[in-house]
Amino acid sequence: MSPAEIGVLALQGDVREHREILERCGAEVRAVRLPADLEGLRALVIPGGESTTMSRLIQRFDLLGPLQEAFARGMAAMTTCAGTILAAREIRDGLTDQVRLGLLDIVVRRNAFGRQRESAEVLLDIPAVGEPPVLVAFIRAPAIEEVGPEVEVLATYRDEPAAVRQGRHLALTFHPEITGDPRLHRMFLKML
Amino acid sequence: MFGSGLGHWSERIDMAQNGHVETGTARIKRGLAEMLKGGVIMDVVTPDQAELAQEAGAVAVMALERVPADIRAQGGVARMSDPGLIKAIMGAVSIPVMAKCRIGHFVEAQILEALGIDYIDESEVLTMADEENHVDKWQFKTPFVCGARDLGEALRRISEGAAMIRTKGEAGTGDVVEAVRHMRAVSQGIRRLHGLRSDELASAAKELGASLELVREVSEAGKLPVVNFSAGGIATPADAALMMQLGCDGNFVGSGIFKSGDPLRRAQAIVQATTYYDKPEILAEVSENLGEPMVGISTSSLRPEELLAVRGI
């Protein structure tokens with residue numbers, strides 16, 4: 001079986017860290033910056049970075065329509081931090097015309113814990129990937145403040161969902177790719 | 001703590017309890033810089049400029065009283081900006097906000113940390129407060145970015161706790177030549193280290209004025225353990241793409257945006273050029289009709305005492 005080809009949205013952010021961890025998990029990785037890069041992808045990772053910057057580039061380079069079409073034909077998404085903001089149904093404290101993909105039935109608040117001084121390394125209990133707990137980084141992280149009935153909560157941080165799954169999509173408010181534990185990426189690849 | 005200061009994730013799990021939370025670690029400080037990669041950090045002097053930068057797609061703003069071009073023109077002692085201005089800019093945008101302290105001025109750094117700034121730039125653009133010592137950046141939970149002209153400077157700043165490096169260039173000139181020189185010097189230094197035998201590293205460390213542990217780490221990895229942006233003279237989308245093709249992780253643009261004829265369009269174009277840095281057709285399109293660039297000063301016309309990059313080496 002040939003390795004699954006996975007895209008990483010490479011407009012801005014920690015693209016390199018996701019690429020490295022996916023390659024360690026045996027995936028073939030393609031950077032996505034233009035509509036043609038989406039062709040034939042089974043899944044797209046939307047990395048951490050600035051959601052407002054990614055929004056402006058998606059708008060300027062007409063990526064929104066092609067992204068929505070690719071997701072409509074079955075492409076799966078794994079999103080971290082800023083990526084989860086883009087994937088949400090509703091964004092709180094965003095720019096007025098910020099891009100929303102609405103992949104998951106979640107409401108996300110940007111910078112929910114405050115500024116960089118609230119950023120932290122956290123050992124997070126995520127039963128879906130087993131023991132031991134996963135060391136992750138929350139960096140100016142968003143919070144998932146509301147989830148719909150179809151959304152499965154995999155982990156919580158400060159009493160709010162931090163890892164959620166809906167159908168083929170996996171959304172995280174933190175960064176496993178910064179600390180390097182591959183178990184969440186491996187779980188996502190198995191979901192495909 | 002002279003190495004990168006990062007343990008392997010599996011060791012860390014054994015050490016800590018489930019639910020353990022730790023702020024201000026090396027990984028968290030460097031992690032924010034990782035999130036800025038492929039982006040543009042813009043100098044702003046008012047909350048309105050900060051909003052414009054955010055609208056254009058900046059990944060962060062640098063809150064200042066004067067951009068480097070004005071510091072150059074007006075002279076005098078350049079210090080940390082008024083906390084009132086910094087707070088107003090922090091209140092105006094939702095992207096990260098950075099601010100500058102003078103080299104070695106650890107009390108300005110303490111004040112910036114107390115304000116809750118996201119990143120501190122210990123900057124040669126301001127007047128030096130200490131000609132011998134930089135700030136001991138390990139003492140802070142707030143991450144620091146520092147300027148460097150070559151690999152030795154970059155490694156010395158990382159040893160002092162810098163979580164991000166930017167090549168110095170020559171700020172406030174709009175002349176990219178020094179930014180290019182410094183980016184090439186850092187890259188060449190890394191390539192050279194990468195090719196050395198392990199018994200040659202001690203001598204290289206002595207030559208670089210950096211710790212053997214850090215030199216060994218860079219030699220093995222073939223890259224810096226922190227993100228490296230370019231800065232100091234970037235004024236056009238082509239300049240931004242040039243620096244990306246030379247291997248930087250992102251760009252700081254100071255005077256180049258708000259000293260130009262149409263700041264919003266130029267800011268957008270520089271953001272776009274930083275993402276599509278290797279696509280000449282897109283660079284051609286985003287470079288069209290941007291209005292007047294900043295006038296600029298050729299760095300070769302500066303007297304030696306007017307050069308900012310030689311401060312804090």
# chains A, B, ... in the order shown; residues from 1 in each chain; ligands from 1
>>> interface_residues(of="chain A", to="chain B", cutoff="8 Å", atoms="only C-alpha atoms", output="number ranges by chain")
A: 11-14, 33, 48-50, 52-54, 56-57, 93-94, 111, 115-125, 132-135, 137, 139, 178-181
>>> residues_around(residues="Leu63 in chain A", least_positions_apart="5", cutoff="12 Å", atoms="only C-alpha atoms", output="VMD selection string")
chain A and resid 9 11 32 to 38 54 to 58 68 to 70 99 101
>>> write_last_selection(atoms="all heavy atoms", output="compact mmCIF listing (two decimals), in the first residue's frame")
# COMPACT_ATOMS: atom_id res chain seq x y z
N LEU A 9 -1.35 22.90 4.93
CA LEU A 9 -1.60 24.25 4.45
C LEU A 9 -0.38 25.10 4.82
O LEU A 9 -0.07 25.28 5.99
CB LEU A 9 -2.88 24.82 5.07
CG LEU A 9 -3.37 26.14 4.46
CD1 LEU A 9 -3.81 25.95 3.00
CD2 LEU A 9 -4.54 26.72 5.27
N LEU A 11 0.60 28.39 4.15
CA LEU A 11 0.54 29.83 3.93
C LEU A 11 1.42 30.56 4.92
O LEU A 11 2.03 31.58 4.61
CB LEU A 11 -0.91 30.32 4.06
CG LEU A 11 -1.88 29.69 3.06
CD1 LEU A 11 -3.31 30.13 3.37
CD2 LEU A 11 -1.48 30.08 1.64
N VAL A 32 0.63 22.92 0.67
CA VAL A 32 -0.50 23.46 -0.09
C VAL A 32 -0.51 24.98 0.03
O VAL A 32 -0.66 25.53 1.13
CB VAL A 32 -1.84 22.89 0.44
CG1 VAL A 32 -3.03 23.60 -0.22
CG2 VAL A 32 -1.90 21.39 0.21
N ARG A 33 -0.30 25.67 -1.10
CA ARG A 33 -0.38 27.13 -1.10
C ARG A 33 -1.33 27.65 -2.18
O ARG A 33 -1.74 28.79 -2.14
CB ARG A 33 1.01 27.75 -1.34
CG ARG A 33 1.91 27.69 -0.11
CD ARG A 33 3.23 28.39 -0.35
NE ARG A 33 3.99 27.71 -1.39
CZ ARG A 33 5.10 28.18 -1.95
NH1 ARG A 33 5.57 29.37 -1.57
NH2 ARG A 33 5.73 27.50 -2.87
N LEU A 34 -1.62 26.80 -3.18
CA LEU A 34 -2.46 27.23 -4.30
C LEU A 34 -3.53 26.17 -4.54
O LEU A 34 -3.35 25.01 -4.17
CB LEU A 34 -1.60 27.42 -5.55
CG LEU A 34 -0.61 28.59 -5.49
CD1 LEU A 34 0.40 28.51 -6.61
CD2 LEU A 34 -1.36 29.93 -5.53
N PRO A 35 -4.67 26.53 -5.18
CA PRO A 35 -5.75 25.57 -5.39
C PRO A 35 -5.29 24.26 -6.03
O PRO A 35 -5.73 23.18 -5.61
CB PRO A 35 -6.71 26.34 -6.30
CG PRO A 35 -6.50 27.76 -5.94
CD PRO A 35 -5.03 27.89 -5.62
N ALA A 36 -4.38 24.33 -6.98
CA ALA A 36 -3.95 23.11 -7.68
C ALA A 36 -3.26 22.13 -6.74
O ALA A 36 -3.25 20.92 -6.99
CB ALA A 36 -3.00 23.48 -8.82
N ASP A 37 -2.69 22.65 -5.64
CA ASP A 37 -1.99 21.77 -4.69
C ASP A 37 -2.94 20.83 -3.95
O ASP A 37 -2.50 19.88 -3.30
CB ASP A 37 -1.23 22.61 -3.64
CG ASP A 37 -0.18 23.51 -4.26
OD1 ASP A 37 0.37 23.15 -5.30
OD2 ASP A 37 0.08 24.59 -3.69
N LEU A 38 -4.26 21.11 -4.00
CA LEU A 38 -5.23 20.31 -3.25
C LEU A 38 -5.60 19.02 -3.98
O LEU A 38 -6.19 18.11 -3.38
CB LEU A 38 -6.51 21.11 -3.02
CG LEU A 38 -6.41 22.24 -1.99
CD1 LEU A 38 -7.59 23.20 -2.14
CD2 LEU A 38 -6.37 21.67 -0.58
N MET A 54 -3.52 33.83 7.84
CA MET A 54 -3.95 32.77 6.92
C MET A 54 -5.26 33.16 6.23
O MET A 54 -5.44 32.92 5.04
CB MET A 54 -4.13 31.46 7.68
CG MET A 54 -2.83 30.88 8.20
SD MET A 54 -3.15 29.24 8.94
CE MET A 54 -1.95 29.24 10.24
N SER A 55 -6.17 33.80 6.97
CA SER A 55 -7.45 34.24 6.39
C SER A 55 -7.23 35.19 5.23
O SER A 55 -7.84 35.05 4.17
CB SER A 55 -8.27 35.01 7.43
OG SER A 55 -8.82 34.13 8.35
N ARG A 56 -6.35 36.18 5.46
CA ARG A 56 -6.13 37.18 4.40
C ARG A 56 -5.54 36.53 3.15
O ARG A 56 -5.87 36.91 2.02
CB ARG A 56 -5.18 38.28 4.92
CG ARG A 56 -5.82 39.18 5.96
CD ARG A 56 -6.98 39.97 5.35
NE ARG A 56 -7.71 40.77 6.34
CZ ARG A 56 -8.92 40.45 6.81
NH1 ARG A 56 -9.54 39.36 6.40
NH2 ARG A 56 -9.52 41.24 7.68
N LEU A 57 -4.65 35.56 3.34
CA LEU A 57 -4.02 34.90 2.18
C LEU A 57 -5.03 33.99 1.48
O LEU A 57 -5.04 33.91 0.24
CB LEU A 57 -2.77 34.14 2.63
CG LEU A 57 -1.62 35.07 3.05
CD1 LEU A 57 -0.57 34.30 3.86
CD2 LEU A 57 -0.96 35.73 1.83
N ILE A 58 -5.89 33.31 2.25
CA ILE A 58 -6.94 32.48 1.64
C ILE A 58 -7.85 33.34 0.78
O ILE A 58 -8.23 32.98 -0.34
CB ILE A 58 -7.74 31.74 2.75
CG1 ILE A 58 -6.90 30.62 3.35
CG2 ILE A 58 -9.07 31.19 2.21
CD1 ILE A 58 -7.49 29.98 4.60
N GLN A 68 -13.26 24.43 0.28
CA GLN A 68 -14.60 23.92 0.61
C GLN A 68 -15.00 22.76 -0.30
O GLN A 68 -15.58 21.77 0.15
CB GLN A 68 -15.63 25.06 0.52
CG GLN A 68 -15.53 25.98 1.74
CD GLN A 68 -16.32 27.28 1.57
OE1 GLN A 68 -16.48 27.77 0.45
NE2 GLN A 68 -16.80 27.83 2.67
N GLU A 69 -14.63 22.87 -1.58
CA GLU A 69 -14.95 21.77 -2.51
C GLU A 69 -14.20 20.49 -2.12
O GLU A 69 -14.76 19.40 -2.15
CB GLU A 69 -14.56 22.16 -3.95
CG GLU A 69 -15.56 23.09 -4.61
CD GLU A 69 -14.95 23.81 -5.80
OE1 GLU A 69 -14.05 23.24 -6.46
OE2 GLU A 69 -15.37 24.97 -6.05
N ALA A 70 -12.92 20.65 -1.76
CA ALA A 70 -12.12 19.47 -1.40
C ALA A 70 -12.69 18.80 -0.15
O ALA A 70 -12.77 17.58 -0.07
CB ALA A 70 -10.67 19.87 -1.19
N VAL A 99 -11.99 34.27 7.73
CA VAL A 99 -12.41 33.04 7.05
C VAL A 99 -12.83 31.97 8.06
O VAL A 99 -12.14 31.72 9.04
CB VAL A 99 -11.26 32.50 6.17
CG1 VAL A 99 -11.53 31.07 5.73
CG2 VAL A 99 -11.05 33.40 4.96
N LEU A 101 -14.21 27.89 7.93
CA LEU A 101 -14.49 26.74 7.06
C LEU A 101 -15.68 25.94 7.57
O LEU A 101 -16.30 25.20 6.81
CB LEU A 101 -13.25 25.84 6.97
CG LEU A 101 -12.05 26.48 6.25
CD1 LEU A 101 -10.78 25.69 6.52
CD2 LEU A 101 -12.31 26.57 4.74
>>> atom_distance(atom1="CA of Pro263 in chain B", atom2="CA of Cys101 in chain B")
25.7 Å
>>> residues_around(residues="Arg216 in chain B", least_positions_apart="5", cutoff="12 Å", atoms="only C-alpha atoms", output="PyMOL selection string")
chain B and resi 2-4+155+190+193-205+210-211+221-225
>>> select_by_dssp(residues="range 157-206 of chain B", states="strand (DSSP E or B)", output="ChimeraX atom specification")
/B:164-167
>>> write_last_selection(atoms="N, CA, C and O atoms", output="compact mmCIF listing (two decimals), in the first residue's frame")
# COMPACT_ATOMS: atom_id res chain seq x y z
N MET B 164 14.65 33.66 19.71
CA MET B 164 14.46 33.94 18.29
C MET B 164 15.61 34.87 17.88
O MET B 164 16.06 35.69 18.70
N ILE B 165 16.08 34.71 16.65
CA ILE B 165 17.15 35.56 16.13
C ILE B 165 16.60 36.31 14.92
O ILE B 165 15.75 35.80 14.20
N ARG B 166 17.08 37.53 14.73
CA ARG B 166 16.84 38.20 13.45
C ARG B 166 18.18 38.72 13.00
O ARG B 166 18.98 39.19 13.82
N THR B 167 18.46 38.61 11.72
CA THR B 167 19.68 39.22 11.23
C THR B 167 19.49 40.72 11.33
O THR B 167 18.38 41.23 11.20
>>> select_by_dssp(residues="range 43-108 of chain B", states="helix (DSSP H, G or I)", output="JSON, numbers by chain")
{"B": [47, 48, 49, 50, 51, 52, 53, 54, 55, 56, 68, 69, 70, 71, 72, 73, 74, 83, 84, 85, 86, 87, 88, 89, 90, 91, 92, 106, 107, 108]}
